[in-house]
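Colleague: Take a look at the following structure, please.
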Amino acid sequence: MVVDEDPGQSGPRVRPKLGSSDPRAVRTRTKLIGAFHAAIAGSDPAAMSVSALTQAAGVNRTSFYSHFSSPEDLAIHALSELFDVIGNADIAMRGEHSVPAAEASRRALRDIVSFVSQRRESYARVLGPGAAPRLLREVTEAFAERTVVSLERMDSRPADADPRVTARFLAGGVLGVIGAWLADPGSPWSPDDLVEALIQCLPGWLNTD
């Protein structure tokens, strides 16, 4: 159970419903996540307010704070789809040795780029130069944590290549490049062009079986 401070209140506010499967709680979360995705298409994530989000979702502030501690907290939860893509794209293929390492890297990056490209307007605000610092930090950390799992399983990883350092380097670099690309509607690069450019930036051992 997570305890957070509710702005305007004198004591801590407990968020007992964040993981609740109660149908009413699920509906409330769904409404708030929908409000976030609608709002992010037209406004700066850092400028989102609880009042605006609750009004758009048709719920009250008490309901909001029983699930989330802040608009950023809601945003991080709403972006869980991207975290799932990051986590599943590479780990399964490398773990099963179902494709060569280089192709696993290519497919994983293609999945991520394709996912954000289809939601370009929203993710440009999450990953681009104007992203809210905490939100970008959380997305990057989620990317790194999932990448660590994949790296730790790699037989070809050099003994002196620390998986956590490598994961943070990859997360910051890959998301930084993708964010800049998303924020530039005039970019001549297609998603496939971007994937191939990113492949060239990866450590050689990462693409070696």
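Chain labels A, B, ... are given in the sequence in which chains occur in the structure tokens; within each chain residues are numbered consecutively from 1, and ligands are likewise numbered from 1 in the order shown.
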Report as a tab-separated table the residues of range 163-184 of chain A within 7 Å of range 132-150 of chain A, each with its shortest atom pair and distance in Å (one decimal), using only C-alpha atoms, ordered by chain and increasing residue number.
Modeller:
```
residue	atom	partner	partner_atom	distance
A:Pro163	CA	A:Val148	CA	5.6
A:Arg164	CA	A:Val148	CA	5.8
A:Ala167	CA	A:Ala144	CA	4.8
A:Arg168	CA	A:Ala144	CA	5.1
A:Ala171	CA	A:Ala144	CA	5.3
A:Gly172	CA	A:Thr140	CA	6.2
```
Colleague: Using N, CA, C and O atoms, can you export the residues from the last selection as a PDB file, in the first residue's frame?
Modeller:
```pdb
ATOM      1  N   PRO A 163      25.717  -5.106 -16.554  1.00  0.00           N
ATOM      2  CA  PRO A 163      24.378  -5.056 -17.169  1.00  0.00           C
ATOM      3  C   PRO A 163      23.575  -3.821 -16.792  1.00  0.00           C
ATOM      4  O   PRO A 163      22.834  -3.284 -17.615  1.00  0.00           O
ATOM      5  N   ARG A 164      23.733  -3.334 -15.556  1.00  0.00           N
ATOM      6  CA  ARG A 164      22.947  -2.163 -15.152  1.00  0.00           C
ATOM      7  C   ARG A 164      23.468  -0.888 -15.812  1.00  0.00           C
ATOM      8  O   ARG A 164      22.684  -0.042 -16.237  1.00  0.00           O
ATOM      9  N   ALA A 167      22.404  -1.102 -19.399  1.00  0.00           N
ATOM     10  CA  ALA A 167      20.957  -0.893 -19.542  1.00  0.00           C
ATOM     11  C   ALA A 167      20.596   0.580 -19.437  1.00  0.00           C
ATOM     12  O   ALA A 167      19.771   1.087 -20.202  1.00  0.00           O
ATOM     13  N   ARG A 168      21.209   1.287 -18.499  1.00  0.00           N
ATOM     14  CA  ARG A 168      20.919   2.722 -18.356  1.00  0.00           C
ATOM     15  C   ARG A 168      21.419   3.499 -19.572  1.00  0.00           C
ATOM     16  O   ARG A 168      20.775   4.449 -20.023  1.00  0.00           O
ATOM     17  N   ALA A 171      18.945   2.706 -22.384  1.00  0.00           N
ATOM     18  CA  ALA A 171      17.639   3.335 -22.147  1.00  0.00           C
ATOM     19  C   ALA A 171      17.691   4.832 -22.434  1.00  0.00           C
ATOM     20  O   ALA A 171      16.841   5.372 -23.143  1.00  0.00           O
ATOM     21  N   GLY A 172      18.710   5.509 -21.874  1.00  0.00           N
ATOM     22  CA  GLY A 172      18.816   6.941 -22.099  1.00  0.00           C
ATOM     23  C   GLY A 172      19.048   7.287 -23.557  1.00  0.00           C
ATOM     24  O   GLY A 172      18.437   8.214 -24.099  1.00  0.00           O
TER      25      GLY A 172
END
```
Colleague: From a DSSP pass on the backbone, collect the residues of range 8-204 of chain A flagged as strand (DSSP E) and hand them back as a list of chain:residue names.
Modeller: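 These are the residues in question: A:Pro12, A:Arg13, A:Val14, A:Arg15.
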Colleague: Under the rule that only C-alpha atoms are counted, which of A:Ala197, A:Asp162, A:Ser51, A:Gly130 is the nearest residue to Val177 in chain A?
Modeller: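 The answer is A:Ala197, which sits nearest to Val177 in chain A.
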Colleague: May I have the residues within 12 Å of Glu196 in chain A as a PDB file with N, CA, C and O atoms, in the first residue's frame, using only C-alpha atoms and disregarding those fewer than 4 positions away in the same chain?
Modeller:
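Ended up saving to selection.pdb:
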```
ATOM      1  N   ALA A 102      21.226 -10.262 -33.534  1.00  0.00           N
ATOM      2  CA  ALA A 102      21.048  -9.010 -34.267  1.00  0.00           C
ATOM      3  C   ALA A 102      19.590  -8.811 -34.664  1.00  0.00           C
ATOM      4  O   ALA A 102      19.060  -7.696 -34.618  1.00  0.00           O
ATOM      5  N   GLU A 103      18.936  -9.900 -35.032  1.00  0.00           N
ATOM      6  CA  GLU A 103      17.528  -9.800 -35.427  1.00  0.00           C
ATOM      7  C   GLU A 103      16.647  -9.557 -34.206  1.00  0.00           C
ATOM      8  O   GLU A 103      15.637  -8.852 -34.287  1.00  0.00           O
ATOM      9  N   SER A 105      17.524  -7.744 -31.625  1.00  0.00           N
ATOM     10  CA  SER A 105      17.670  -6.305 -31.382  1.00  0.00           C
ATOM     11  C   SER A 105      16.801  -5.509 -32.348  1.00  0.00           C
ATOM     12  O   SER A 105      16.110  -4.565 -31.960  1.00  0.00           O
ATOM     13  N   ARG A 106      16.850  -5.903 -33.614  1.00  0.00           N
ATOM     14  CA  ARG A 106      16.097  -5.167 -34.640  1.00  0.00           C
ATOM     15  C   ARG A 106      14.592  -5.258 -34.373  1.00  0.00           C
ATOM     16  O   ARG A 106      13.872  -4.255 -34.460  1.00  0.00           O
ATOM     17  N   ARG A 107      14.120  -6.444 -34.075  1.00  0.00           N
ATOM     18  CA  ARG A 107      12.677  -6.622 -33.848  1.00  0.00           C
ATOM     19  C   ARG A 107      12.228  -5.892 -32.590  1.00  0.00           C
ATOM     20  O   ARG A 107      11.136  -5.317 -32.556  1.00  0.00           O
ATOM     21  N   ALA A 108      13.053  -5.937 -31.543  1.00  0.00           N
ATOM     22  CA  ALA A 108      12.690  -5.249 -30.305  1.00  0.00           C
ATOM     23  C   ALA A 108      12.575  -3.746 -30.538  1.00  0.00           C
ATOM     24  O   ALA A 108      11.601  -3.105 -30.121  1.00  0.00           O
ATOM     25  N   LEU A 109      13.558  -3.178 -31.219  1.00  0.00           N
ATOM     26  CA  LEU A 109      13.518  -1.744 -31.506  1.00  0.00           C
ATOM     27  C   LEU A 109      12.364  -1.408 -32.441  1.00  0.00           C
ATOM     28  O   LEU A 109      11.708  -0.371 -32.283  1.00  0.00           O
ATOM     29  N   ARG A 110      12.091  -2.286 -33.390  1.00  0.00           N
ATOM     30  CA  ARG A 110      10.971  -2.048 -34.313  1.00  0.00           C
ATOM     31  C   ARG A 110       9.647  -2.031 -33.565  1.00  0.00           C
ATOM     32  O   ARG A 110       8.776  -1.197 -33.840  1.00  0.00           O
ATOM     33  N   VAL A 113       9.545   1.360 -31.588  1.00  0.00           N
ATOM     34  CA  VAL A 113       9.373   2.511 -32.479  1.00  0.00           C
ATOM     35  C   VAL A 113       7.979   2.497 -33.106  1.00  0.00           C
ATOM     36  O   VAL A 113       7.322   3.535 -33.214  1.00  0.00           O
ATOM     37  N   VAL A 174      18.486   5.314 -26.419  1.00  0.00           N
ATOM     38  CA  VAL A 174      17.400   4.914 -27.321  1.00  0.00           C
ATOM     39  C   VAL A 174      16.183   5.822 -27.152  1.00  0.00           C
ATOM     40  O   VAL A 174      15.626   6.331 -28.130  1.00  0.00           O
ATOM     41  N   TRP A 189      13.165  10.734 -41.717  1.00  0.00           N
ATOM     42  CA  TRP A 189      13.357   9.328 -41.390  1.00  0.00           C
ATOM     43  C   TRP A 189      12.030   8.610 -41.157  1.00  0.00           C
ATOM     44  O   TRP A 189      11.168   9.094 -40.425  1.00  0.00           O
ATOM     45  N   SER A 190      11.898   7.457 -41.758  1.00  0.00           N
ATOM     46  CA  SER A 190      10.753   6.590 -41.500  1.00  0.00           C
ATOM     47  C   SER A 190      11.053   5.794 -40.224  1.00  0.00           C
ATOM     48  O   SER A 190      12.197   5.766 -39.744  1.00  0.00           O
ATOM     49  N   PRO A 191      10.053   5.120 -39.663  1.00  0.00           N
ATOM     50  CA  PRO A 191      10.330   4.276 -38.500  1.00  0.00           C
ATOM     51  C   PRO A 191      11.424   3.246 -38.773  1.00  0.00           C
ATOM     52  O   PRO A 191      12.278   2.994 -37.920  1.00  0.00           O
ATOM     53  N   ASP A 192      11.420   2.654 -39.965  1.00  0.00           N
ATOM     54  CA  ASP A 192      12.451   1.674 -40.303  1.00  0.00           C
ATOM     55  C   ASP A 192      13.833   2.318 -40.371  1.00  0.00           C
ATOM     56  O   ASP A 192      14.830   1.718 -39.966  1.00  0.00           O
ATOM     57  N   GLN A 200      22.844   0.596 -35.416  1.00  0.00           N
ATOM     58  CA  GLN A 200      24.254   0.925 -35.611  1.00  0.00           C
ATOM     59  C   GLN A 200      24.898   1.481 -34.339  1.00  0.00           C
ATOM     60  O   GLN A 200      26.125   1.496 -34.218  1.00  0.00           O
ATOM     61  N   CYS A 201      24.089   1.950 -33.418  1.00  0.00           N
ATOM     62  CA  CYS A 201      24.615   2.537 -32.171  1.00  0.00           C
ATOM     63  C   CYS A 201      24.815   1.497 -31.070  1.00  0.00           C
ATOM     64  O   CYS A 201      25.457   1.792 -30.051  1.00  0.00           O
ATOM     65  N   LEU A 202      24.276   0.313 -31.237  1.00  0.00           N
ATOM     66  CA  LEU A 202      24.353  -0.698 -30.194  1.00  0.00           C
ATOM     67  C   LEU A 202      25.755  -1.283 -30.088  1.00  0.00           C
ATOM     68  O   LEU A 202      26.466  -1.406 -31.095  1.00  0.00           O
TER      69      LEU A 202
END
```
